[in-house]
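Here is the structure we will look at.
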Amino acid sequence: MKKISVLLAVTALTSVMATSAWSKTLVYCSEGSPEGFDPGIYTAGTTFDASSRTVYSRLVEFKHGSTEVEPGLAESWTVSPDGKEYTFKLRKGVKFQTTDYFTPTRDLNADDVVFSFNRQLKEDSPWAKYVAGGSYEYAAGMGFPTLIKSVDKVDDLTVKFVLNHPEAPFIADLAMDFASILSKEYADKLQADGKLEQMNQQPLGTGPFTFVAYQPDAVIRYKANETYFKGKEKIDDLVFAITPDASVRAQKLKSGECQIMPYPNAADIKDLQTNKSLKVLEQPGLNVSYLAYNTLTPPFDKAEVRRALNMAVDKRAIVDAVFQGSGSVATNPIPPTMWSYNKDIKDDAFNPEEAKKMLEKAGVKDLSMKIWAMPVSRPYMLNARRAAELMQADLAKIGVKVEIVTYDWAQYLKLSSAKDRDGAAILGWTGDNGDPDNFLDTLLGCDAVGGNNRAQWCNKEFNDLVKKAKQTADVKERTKLYEQAQVVFKREAPWMTIDHSEEFVPMSAKVSGYVQDPVGVHRFDGVDIAE
């Protein structure tokens with residue numbers, strides 16, 4: 001069966017390349033399969049690369065290479081003096097993509113914006129749970145249903161967001177992937193046909209590339225959007241060749257089977273950097289990797305137990321083994337390059353003997369636990385299995401028995417968010433908007449329990465601090481509040497913070513125009529490749 005599936009994948013890619021023989025084609029060796037193609041119901045970068053950053057656009061966008069916001073589908077916006085009303089003027093004449101499965105009859109208008117957000121905000125929407133097991137995890141985790149009072153159509157090209165309270169990062173939030181704008185006309189057609197699930201299988205947006213076809217776990221094919229409001233892209237065809245193994249991705253890149261790859265093995269970086277036919281972009285990652293305890297289940301509901309386990313693990317050994325010099329040990333839940341990082345916090349010392357005493361004092365004996373290891377490489381964790389094995393060995397030295405478990409990526413993300421999850425899960429995060437709120441509230445706030453908050457940790461002191469910070473416009477005051485929140489986090493230890501990493505993107509020397517983005521996504525608008 002394995003040989004057959006590999007043959008099908010090769011055949012599919014060969015077929016795609018053959019159909020593109022007379023066009024300019026860029027092949028991207030992606031690290032995994034998307035969970036789906038609706039960015040509203042997922043949080044993984046793998047899914048965003050395949051959906052929101054190719055097919056869709058947003059009201060506002062991040063400039064390439066920064067977290068600075070610029071106009072997108074909205075050409076301008078105004079904010080009321082009390083910070084509770086945001087009014088957006090939409091661009092005139094923006095076209096939705098024409099595909100084999102839908103032909104739009106009108107341009108983008110306010111109805112599309114209202115629909116795109118209300119489906120995530122209103123529980124009675126027919127789109128609220130249109131994908132089995134899916135939910136608008138990002139919108140919920142960021143508190144959008146309670147933050148946004150209404151999304152109103154003022155006229156065809158004007159939309160007003162009315163908030164229940166001021167929200168400092170709101171504009172930056174709207175540049176995030178979950179805020180992508182969908183076609184209400186397409187949605188209405190799918191609803192009338194009883195085919196809502198098709199929205200997640202055959203996407204349609206206003207972005208730089210039009211979806212063509214997807215062969216699961218093998219190939220995704222796109223073509224340049226001829227009517228893109230910023231102008232047609234320089235490449236005609238974009239192909240995602242799904243290649244989970246980092247070593248195989250590197251071989252494909254060197255042989256010319258693909259032109260860009262993400263997340264190389266640390267051991268392969270030097271070889272890729274010295275290859276004259278390649279170039280390797282590099283930057284500090286706006287990221288963190290962590291082990292999230294389920295704080296709702298004993299004995300992980302006790303902070304002293306969590307801190308003891310943290311002290312039993314040699315994190316430096318993990319970082320050295322996994323990143324080989326391209327990562328650093330994490331102390332706080334936000335990266336040190338982010339404003340409001342609390343430099344005064346000291347990390348838990350590696351002290352197995354003290355950890356053993358702390359467990360005994362807490363009445364914990366013969367502890368058995370599961371550690372979940374991610375099945376894919378991500379910038380913040382290149383090899384979760386190796387990290388889990390090192391944790392397993394360290395914890396065995398203090399009498400804790402560890403079983404390592406894993407699932408395919410989509411299942412891993414879904415199951416790890418369950419409130420009754422058994423065990424601690426290795427995960428991580430790359431900031432989406434450059435704001436501390438995107439880590440502290442999105443990953444650790446009470447609104448995110450059962451979703452992005454994999455520790456299932458709702459601490460009133462911490463939550464009050466981050467909520468107050470979100471509603472404060474003054475950056476100095478926000479900084480103080482976030483610094484205090486990090487003190488609470490370290491004391492309560494819902495995570496074992498593992499690392500922050502450098503991010504590398506190897507590519508063919510023929511590629512031009514590719515820019516690394518601090519928010520960790522891979523964008524192909526503006527990219528070209530020499531013949």
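By order of appearance in the structure tokens: chains A, B, ..., then residues from 1 within every chain, and ligands from 1 in the order shown.
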
* Asked: Could you name the residues that touch segment 380-386 of chain A at 7 Å or less, counting only C-alpha atoms, but leaving out those on the same chain fewer than 4 positions away, as a PyMOL selection string?
  -> chain A and resi 263+265+287-289+322+373-374+390+426+428+500-501

Take the selection from the previous step and output its residues with C-alpha atoms, as a short mmCIF file (atom, residue, chain, number, x, y, z; two decimals), in the first residue's frame.
```
data_model
loop_
_atom_site.label_atom_id
_atom_site.label_comp_id
_atom_site.auth_asym_id
_atom_site.auth_seq_id
_atom_site.Cartn_x
_atom_site.Cartn_y
_atom_site.Cartn_z
CA TYR A 263 11.71 23.86 8.12
CA ASN A 265 16.56 19.74 9.71
CA ASN A 287 7.89 31.98 18.26
CA VAL A 288 7.85 29.69 21.27
CA SER A 289 7.60 25.95 21.77
CA VAL A 322 16.91 19.49 18.06
CA ALA A 373 4.72 14.57 20.20
CA MET A 374 3.77 16.60 17.11
CA LEU A 390 14.72 13.39 25.96
CA ILE A 426 4.18 19.52 22.79
CA GLY A 428 4.19 25.92 19.80
CA HIS A 500 12.60 29.98 20.67
CA SER A 501 14.16 29.25 17.30
#
```

Shell of 12 Å around segment 448-452 of chain A, only C-alpha atoms, local chain residues under 3 positions omitted, as a compact mmCIF listing (two decimals) with C-alpha atoms, in the first residue's frame:
```
# COMPACT_ATOMS: atom_id res chain seq x y z
CA ILE A 41 -11.85 27.16 11.50
CA TYR A 42 -8.17 26.27 11.88
CA THR A 43 -5.04 27.65 13.54
CA ALA A 44 -2.14 25.77 11.90
CA GLY A 134 -14.71 22.14 13.41
CA SER A 135 -15.15 25.42 15.24
CA TYR A 136 -14.05 29.02 14.90
CA GLU A 137 -11.27 28.42 17.40
CA TYR A 138 -9.36 31.61 16.71
CA ALA A 139 -12.34 33.96 16.91
CA ALA A 140 -13.51 32.30 20.11
CA GLY A 141 -10.07 32.19 21.68
CA MET A 142 -9.54 35.89 21.05
CA GLY A 143 -12.93 36.76 22.56
CA PHE A 144 -14.41 38.13 19.33
CA ALA A 292 1.21 22.15 27.83
CA ASN A 294 -3.71 19.66 31.22
CA THR A 295 -4.27 21.72 34.36
CA LEU A 296 -7.82 20.37 34.73
CA LEU A 413 -4.56 19.67 16.79
CA LYS A 414 -8.17 18.66 17.37
CA LEU A 415 -7.61 16.15 20.17
CA SER A 416 -4.98 18.18 22.01
CA SER A 417 -7.50 20.98 22.58
CA ALA A 418 -9.97 18.71 24.44
CA LYS A 419 -10.56 19.62 28.08
CA ASP A 420 -10.29 15.96 29.10
CA ARG A 421 -7.07 15.33 27.16
CA LEU A 427 3.03 22.45 20.69
CA GLY A 428 4.19 25.92 19.80
CA TRP A 429 3.23 29.21 18.29
CA ASN A 438 -1.51 37.09 20.46
CA PHE A 439 0.49 34.86 22.80
CA LEU A 440 -0.72 35.71 26.28
CA ASP A 441 -4.46 35.92 25.69
CA THR A 442 -4.79 33.75 22.58
CA LEU A 443 -2.87 30.82 24.11
CA LEU A 444 -3.43 31.27 27.85
CA GLY A 445 -6.60 33.32 28.34
CA ALA A 455 -3.15 23.85 29.09
CA GLN A 456 -6.87 24.38 29.81
CA TRP A 457 -5.61 27.00 32.27
CA CYS A 458 -7.94 29.75 33.47
CA ASN A 459 -6.26 31.88 36.11
CA ASN A 463 -6.64 36.75 32.79
```

* Test item: residues at most 9 Å from Thr98 of chain A, only C-alpha atoms, excluding those fewer than 4 positions along its chain, as a list of chain:residue names ->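 The residues that qualify are A:Phe102, A:Thr103, A:Pro104, A:Leu204, A:Thr210, A:Asn225, A:Thr227.
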
May I have the residues from that selection written out with C-alpha atoms, as a PDB file, in the first residue's frame?
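Below is the file that was written, selection.pdb:
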```pdb
ATOM      1  CA  PHE A 102     -18.287  28.829  -9.339  1.00  0.00           C
ATOM      2  CA  THR A 103     -18.534  31.982 -11.448  1.00  0.00           C
ATOM      3  CA  PRO A 104     -19.215  35.181  -9.474  1.00  0.00           C
ATOM      4  CA  LEU A 204     -12.865  30.848  -3.482  1.00  0.00           C
ATOM      5  CA  THR A 210      -6.924  30.591  -7.526  1.00  0.00           C
ATOM      6  CA  ASN A 225      -5.554  34.975 -10.213  1.00  0.00           C
ATOM      7  CA  THR A 227      -8.202  39.500 -11.802  1.00  0.00           C
TER       8      THR A 227
END
```

* To do: May I ask for the distance between atom CA of Arg53 of chain A and atom CA of Arg91 of chain A, given in Å to one decimal place?
  => 19.1 Å

* Residues near Ser76 of chain A, cut-off 12 Å, only C-alpha atoms, skip fewer than 6 positions along chain, as a list in words -> Leu59, Val60, Glu61, Val69, Glu70, Tyr86, Thr87, Phe88, Lys89, Leu90, Arg91, Lys92, Leu157, Thr158, Val159 and Ile171 of chain A

* To do: Output as a ChimeraX atom specification all residues of segment 274-412 of chain A that backbone DSSP marks as strand (DSSP E).
  => /A:278-284,287-292,327-329,368-372,401-405

* **A:Thr497, A:Thr406, A:Ser368, A:Ser180 ranked by distance to Met311 of chain A, top pick (using only C-alpha atoms)** =>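 Residue with the minimum atom-to-atom distance to Met311 of chain A: A:Thr497.
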
* What gap, in Å, lies between atom CA of Ala241 of chain A and atom CA of Asn433 of chain A? ->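 A separation of 27.7 Å between them.
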
* Contacts of Thr146 of chain A at 10 Å (only C-alpha atoms; same-chain gap of 6+ positions) as an MDAnalysis selection string -> chainID A and resid 121 139:140 163:165 447

* Non-local contacts of segment 345-353 of chain A (12 Å; only C-alpha atoms; under 4 positions in same chain excluded) as a PyMOL selection string -> chain A and resi 304+306-317+329-333+336+341+357-360+393-400+483-493+495-499

* Contacts of Met369 of chain A at 10 Å or less, counting only C-alpha atoms, minus same-chain residues fewer than 4 places along, as a PyMOL selection string? -> chain A and resi 300+392+400-404+422-424

* Structure fact -> Expressed in Å, the length from atom CA of Asp435 of chain A to atom CA of Lys468 of chain A is 14.3 Å

* Enumerate as a ChimeraX atom specification all residues of segment 152-341 of chain A assigned to alpha helix (DSSP H) by DSSP on the backbone, naming them with the chain letters and numbers the document uses. => /A:170-173,184-193,246-255,269-273,303-312,315-323

Once you count only C-alpha atoms, what closest atom pair and distance in Å to one decimal does each residue of segment 132-251 of chain A within 10 Å of segment 256-262 of chain A have, with rows by chain and rising residue number, as a Markdown table?
```
| residue | atom | partner | partner_atom | distance |
| --- | --- | --- | --- | --- |
| A:Val239 | CA | A:Cys258 | CA | 8.9 |
| A:Phe240 | CA | A:Cys258 | CA | 8.9 |
| A:Ala241 | CA | A:Cys258 | CA | 7.7 |
| A:Thr243 | CA | A:Met261 | CA | 9.3 |
| A:Ala246 | CA | A:Pro262 | CA | 8.2 |
| A:Arg249 | CA | A:Met261 | CA | 6.4 |
| A:Ala250 | CA | A:Met261 | CA | 7.3 |
| A:Gln251 | CA | A:Glu257 | CA | 8.5 |
```

Can those selected residues be exported to a file as an mmCIF file, in the first residue's frame so that it contains N, CA, C and O atoms?
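Written file, again01.cif:
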```cif
data_model
loop_
_atom_site.group_PDB
_atom_site.id
_atom_site.type_symbol
_atom_site.label_atom_id
_atom_site.label_comp_id
_atom_site.auth_asym_id
_atom_site.auth_seq_id
_atom_site.Cartn_x
_atom_site.Cartn_y
_atom_site.Cartn_z
ATOM 1 N N VAL A 239 2.510 25.207 -7.129
ATOM 2 C CA VAL A 239 2.271 23.816 -6.749
ATOM 3 C C VAL A 239 2.819 23.569 -5.348
ATOM 4 O O VAL A 239 3.976 23.908 -5.061
ATOM 5 N N PHE A 240 1.994 23.013 -4.465
ATOM 6 C CA PHE A 240 2.453 22.539 -3.159
ATOM 7 C C PHE A 240 2.701 21.037 -3.295
ATOM 8 O O PHE A 240 1.746 20.271 -3.465
ATOM 9 N N ALA A 241 3.949 20.609 -3.239
ATOM 10 C CA ALA A 241 4.282 19.189 -3.237
ATOM 11 C C ALA A 241 4.446 18.768 -1.777
ATOM 12 O O ALA A 241 5.445 19.101 -1.135
ATOM 13 N N THR A 243 5.424 17.140 1.381
ATOM 14 C CA THR A 243 6.601 16.309 1.671
ATOM 15 C C THR A 243 6.921 16.404 3.159
ATOM 16 O O THR A 243 7.708 17.258 3.582
ATOM 17 N N ALA A 246 11.665 16.187 6.342
ATOM 18 C CA ALA A 246 12.527 17.338 6.058
ATOM 19 C C ALA A 246 13.732 16.954 5.204
ATOM 20 O O ALA A 246 14.173 17.730 4.351
ATOM 21 N N ARG A 249 12.549 16.727 1.700
ATOM 22 C CA ARG A 249 12.344 18.080 1.155
ATOM 23 C C ARG A 249 13.672 18.663 0.687
ATOM 24 O O ARG A 249 13.767 19.280 -0.385
ATOM 25 N N ALA A 250 14.701 18.491 1.506
ATOM 26 C CA ALA A 250 16.023 19.032 1.145
ATOM 27 C C ALA A 250 16.559 18.379 -0.123
ATOM 28 O O ALA A 250 17.137 19.059 -0.990
ATOM 29 N N GLN A 251 16.380 17.078 -0.270
ATOM 30 C CA GLN A 251 16.844 16.390 -1.470
ATOM 31 C C GLN A 251 16.090 16.877 -2.705
ATOM 32 O O GLN A 251 16.671 17.065 -3.775
#
```

* Give the answer as one residue: which of A:Lys234, A:Tyr228, A:Gly431, A:Tyr28 has the shortest atom-to-atom distance to Gly93 of chain A, using only C-alpha atoms? => A:Tyr228

Closest-contact table, segment 177-293 of chain A side, partner segment 37-40 of chain A, 9 Å, counting only C-alpha atoms, as a Markdown table:
```
| residue | atom | partner | partner_atom | distance |
| --- | --- | --- | --- | --- |
| A:Asp177 | CA | A:Pro39 | CA | 6.1 |
| A:Phe178 | CA | A:Gly40 | CA | 4.2 |
| A:Ala179 | CA | A:Gly40 | CA | 6.8 |
| A:Ser180 | CA | A:Pro39 | CA | 7.1 |
| A:Met199 | CA | A:Asp38 | CA | 6.8 |
| A:Asn200 | CA | A:Phe37 | CA | 4.8 |
| A:Gln201 | CA | A:Phe37 | CA | 5.9 |
| A:Gln202 | CA | A:Phe37 | CA | 7.2 |
| A:Pro203 | CA | A:Phe37 | CA | 6.1 |
```

Writer output for current selection, all heavy atoms, as an mmCIF file, in the first residue's frame:
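What follows is the written file result-v1.cif:
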```
data_model
loop_
_atom_site.group_PDB
_atom_site.id
_atom_site.type_symbol
_atom_site.label_atom_id
_atom_site.label_comp_id
_atom_site.auth_asym_id
_atom_site.auth_seq_id
_atom_site.Cartn_x
_atom_site.Cartn_y
_atom_site.Cartn_z
ATOM 1 N N ASP A 177 -5.081 35.531 9.699
ATOM 2 C CA ASP A 177 -5.629 34.606 8.710
ATOM 3 C C ASP A 177 -7.107 34.290 8.915
ATOM 4 O O ASP A 177 -7.860 34.164 7.944
ATOM 5 C CB ASP A 177 -4.809 33.317 8.720
ATOM 6 C CG ASP A 177 -3.354 33.580 8.390
ATOM 7 O OD1 ASP A 177 -2.582 33.920 9.306
ATOM 8 O OD2 ASP A 177 -2.986 33.465 7.217
ATOM 9 N N PHE A 178 -7.529 34.158 10.170
ATOM 10 C CA PHE A 178 -8.923 33.802 10.419
ATOM 11 C C PHE A 178 -9.888 34.888 9.964
ATOM 12 O O PHE A 178 -11.089 34.642 9.798
ATOM 13 C CB PHE A 178 -9.145 33.501 11.907
ATOM 14 C CG PHE A 178 -9.273 34.722 12.779
ATOM 15 C CD1 PHE A 178 -10.523 35.177 13.174
ATOM 16 C CD2 PHE A 178 -8.156 35.423 13.209
ATOM 17 C CE1 PHE A 178 -10.660 36.297 13.971
ATOM 18 C CE2 PHE A 178 -8.274 36.537 14.014
ATOM 19 C CZ PHE A 178 -9.527 36.982 14.400
ATOM 20 N N ALA A 179 -9.369 36.103 9.750
ATOM 21 C CA ALA A 179 -10.202 37.227 9.328
ATOM 22 C C ALA A 179 -10.283 37.361 7.803
ATOM 23 O O ALA A 179 -10.688 38.405 7.288
ATOM 24 C CB ALA A 179 -9.669 38.523 9.937
ATOM 25 N N SER A 180 -9.932 36.309 7.082
ATOM 26 C CA SER A 180 -10.031 36.318 5.616
ATOM 27 C C SER A 180 -11.473 36.515 5.166
ATOM 28 O O SER A 180 -12.409 36.059 5.827
ATOM 29 C CB SER A 180 -9.484 35.000 5.051
ATOM 30 O OG SER A 180 -8.117 34.851 5.338
ATOM 31 N N MET A 199 -17.225 24.590 0.977
ATOM 32 C CA MET A 199 -16.451 25.799 1.270
ATOM 33 C C MET A 199 -15.071 25.445 1.816
ATOM 34 O O MET A 199 -14.099 26.162 1.584
ATOM 35 C CB MET A 199 -17.199 26.669 2.292
ATOM 36 C CG MET A 199 -16.511 27.981 2.619
ATOM 37 S SD MET A 199 -16.536 29.161 1.254
ATOM 38 C CE MET A 199 -18.199 29.820 1.433
ATOM 39 N N ASN A 200 -14.992 24.336 2.519
ATOM 40 C CA ASN A 200 -13.738 23.905 3.120
ATOM 41 C C ASN A 200 -12.918 23.011 2.187
ATOM 42 O O ASN A 200 -11.787 22.670 2.511
ATOM 43 C CB ASN A 200 -14.030 23.161 4.427
ATOM 44 C CG ASN A 200 -12.802 22.972 5.289
ATOM 45 O OD1 ASN A 200 -11.957 23.853 5.382
ATOM 46 N ND2 ASN A 200 -12.688 21.814 5.921
ATOM 47 N N GLN A 201 -13.492 22.663 1.056
ATOM 48 C CA GLN A 201 -12.818 21.766 0.107
ATOM 49 C C GLN A 201 -12.458 22.460 -1.200
ATOM 50 O O GLN A 201 -11.457 22.120 -1.835
ATOM 51 C CB GLN A 201 -13.724 20.564 -0.187
ATOM 52 C CG GLN A 201 -14.057 19.743 1.044
ATOM 53 C CD GLN A 201 -15.230 18.804 0.816
ATOM 54 O OE1 GLN A 201 -15.790 18.740 -0.285
ATOM 55 N NE2 GLN A 201 -15.619 18.080 1.842
ATOM 56 N N GLN A 202 -13.290 23.412 -1.606
ATOM 57 C CA GLN A 202 -13.059 24.146 -2.847
ATOM 58 C C GLN A 202 -13.181 25.639 -2.557
ATOM 59 O O GLN A 202 -14.234 26.248 -2.742
ATOM 60 C CB GLN A 202 -14.076 23.717 -3.914
ATOM 61 C CG GLN A 202 -13.908 22.260 -4.338
ATOM 62 C CD GLN A 202 -14.893 21.859 -5.416
ATOM 63 O OE1 GLN A 202 -16.096 22.104 -5.310
ATOM 64 N NE2 GLN A 202 -14.387 21.223 -6.474
ATOM 65 N N PRO A 203 -12.096 26.247 -2.058
ATOM 66 C CA PRO A 203 -12.146 27.639 -1.624
ATOM 67 C C PRO A 203 -12.231 28.620 -2.781
ATOM 68 O O PRO A 203 -11.810 28.325 -3.900
ATOM 69 C CB PRO A 203 -10.839 27.807 -0.860
ATOM 70 C CG PRO A 203 -9.903 26.858 -1.558
ATOM 71 C CD PRO A 203 -10.761 25.666 -1.905
#
```

Kindly provide the residues of segment 171-275 of chain A that approach segment 105-108 of chain A to within 10 Å, each paired with its closest atom pair and their distance in Å to one decimal, based on only C-alpha atoms, listed by chain and increasing number, as CSV.
```
residue,atom,partner,partner_atom,distance
A:Ile181,CA,A:Leu108,CA,9.3
A:Leu182,CA,A:Leu108,CA,9.2
A:Ser183,CA,A:Leu108,CA,7.5
A:Lys184,CA,A:Leu108,CA,9.1
A:Glu185,CA,A:Thr105,CA,8.3
A:Tyr186,CA,A:Thr105,CA,9.8
A:Gly205,CA,A:Leu108,CA,9.6
A:Thr206,CA,A:Leu108,CA,8.3
```

Keeping only N, CA, C and O atoms, write those residues as a PDB file, in the first residue's frame.
```pdb
ATOM      1  N   ILE A 181     -11.632  37.165   4.030  1.00  0.00           N
ATOM      2  CA  ILE A 181     -12.971  37.495   3.529  1.00  0.00           C
ATOM      3  C   ILE A 181     -13.407  36.487   2.464  1.00  0.00           C
ATOM      4  O   ILE A 181     -12.730  36.270   1.460  1.00  0.00           O
ATOM      5  N   LEU A 182     -14.565  35.883   2.708  1.00  0.00           N
ATOM      6  CA  LEU A 182     -15.163  34.896   1.816  1.00  0.00           C
ATOM      7  C   LEU A 182     -16.264  35.529   0.983  1.00  0.00           C
ATOM      8  O   LEU A 182     -16.759  36.618   1.302  1.00  0.00           O
ATOM      9  N   SER A 183     -16.694  34.832  -0.046  1.00  0.00           N
ATOM     10  CA  SER A 183     -17.779  35.303  -0.906  1.00  0.00           C
ATOM     11  C   SER A 183     -19.129  34.863  -0.347  1.00  0.00           C
ATOM     12  O   SER A 183     -19.393  33.658  -0.240  1.00  0.00           O
ATOM     13  N   LYS A 184     -19.986  35.813  -0.019  1.00  0.00           N
ATOM     14  CA  LYS A 184     -21.330  35.468   0.449  1.00  0.00           C
ATOM     15  C   LYS A 184     -22.152  34.864  -0.688  1.00  0.00           C
ATOM     16  O   LYS A 184     -22.972  33.962  -0.470  1.00  0.00           O
ATOM     17  N   GLU A 185     -21.920  35.328  -1.904  1.00  0.00           N
ATOM     18  CA  GLU A 185     -22.645  34.782  -3.046  1.00  0.00           C
ATOM     19  C   GLU A 185     -22.342  33.297  -3.218  1.00  0.00           C
ATOM     20  O   GLU A 185     -23.241  32.479  -3.445  1.00  0.00           O
ATOM     21  N   TYR A 186     -21.078  32.940  -3.104  1.00  0.00           N
ATOM     22  CA  TYR A 186     -20.677  31.531  -3.189  1.00  0.00           C
ATOM     23  C   TYR A 186     -21.270  30.739  -2.026  1.00  0.00           C
ATOM     24  O   TYR A 186     -21.792  29.634  -2.195  1.00  0.00           O
ATOM     25  N   GLY A 205     -11.758  32.994  -3.183  1.00  0.00           N
ATOM     26  CA  GLY A 205     -11.547  34.281  -2.531  1.00  0.00           C
ATOM     27  C   GLY A 205     -11.139  35.356  -3.513  1.00  0.00           C
ATOM     28  O   GLY A 205     -11.421  35.266  -4.713  1.00  0.00           O
ATOM     29  N   THR A 206     -10.413  36.363  -2.989  1.00  0.00           N
ATOM     30  CA  THR A 206      -9.952  37.481  -3.817  1.00  0.00           C
ATOM     31  C   THR A 206      -8.429  37.551  -3.848  1.00  0.00           C
ATOM     32  O   THR A 206      -7.861  38.537  -4.288  1.00  0.00           O
TER      33      THR A 206
END
```

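Distances from A:Leu174, A:Leu238, A:Met391, A:Ile148 to Ile529 of chain A were compared using only C-alpha atoms, and the smallest one belongs to A:Leu238.
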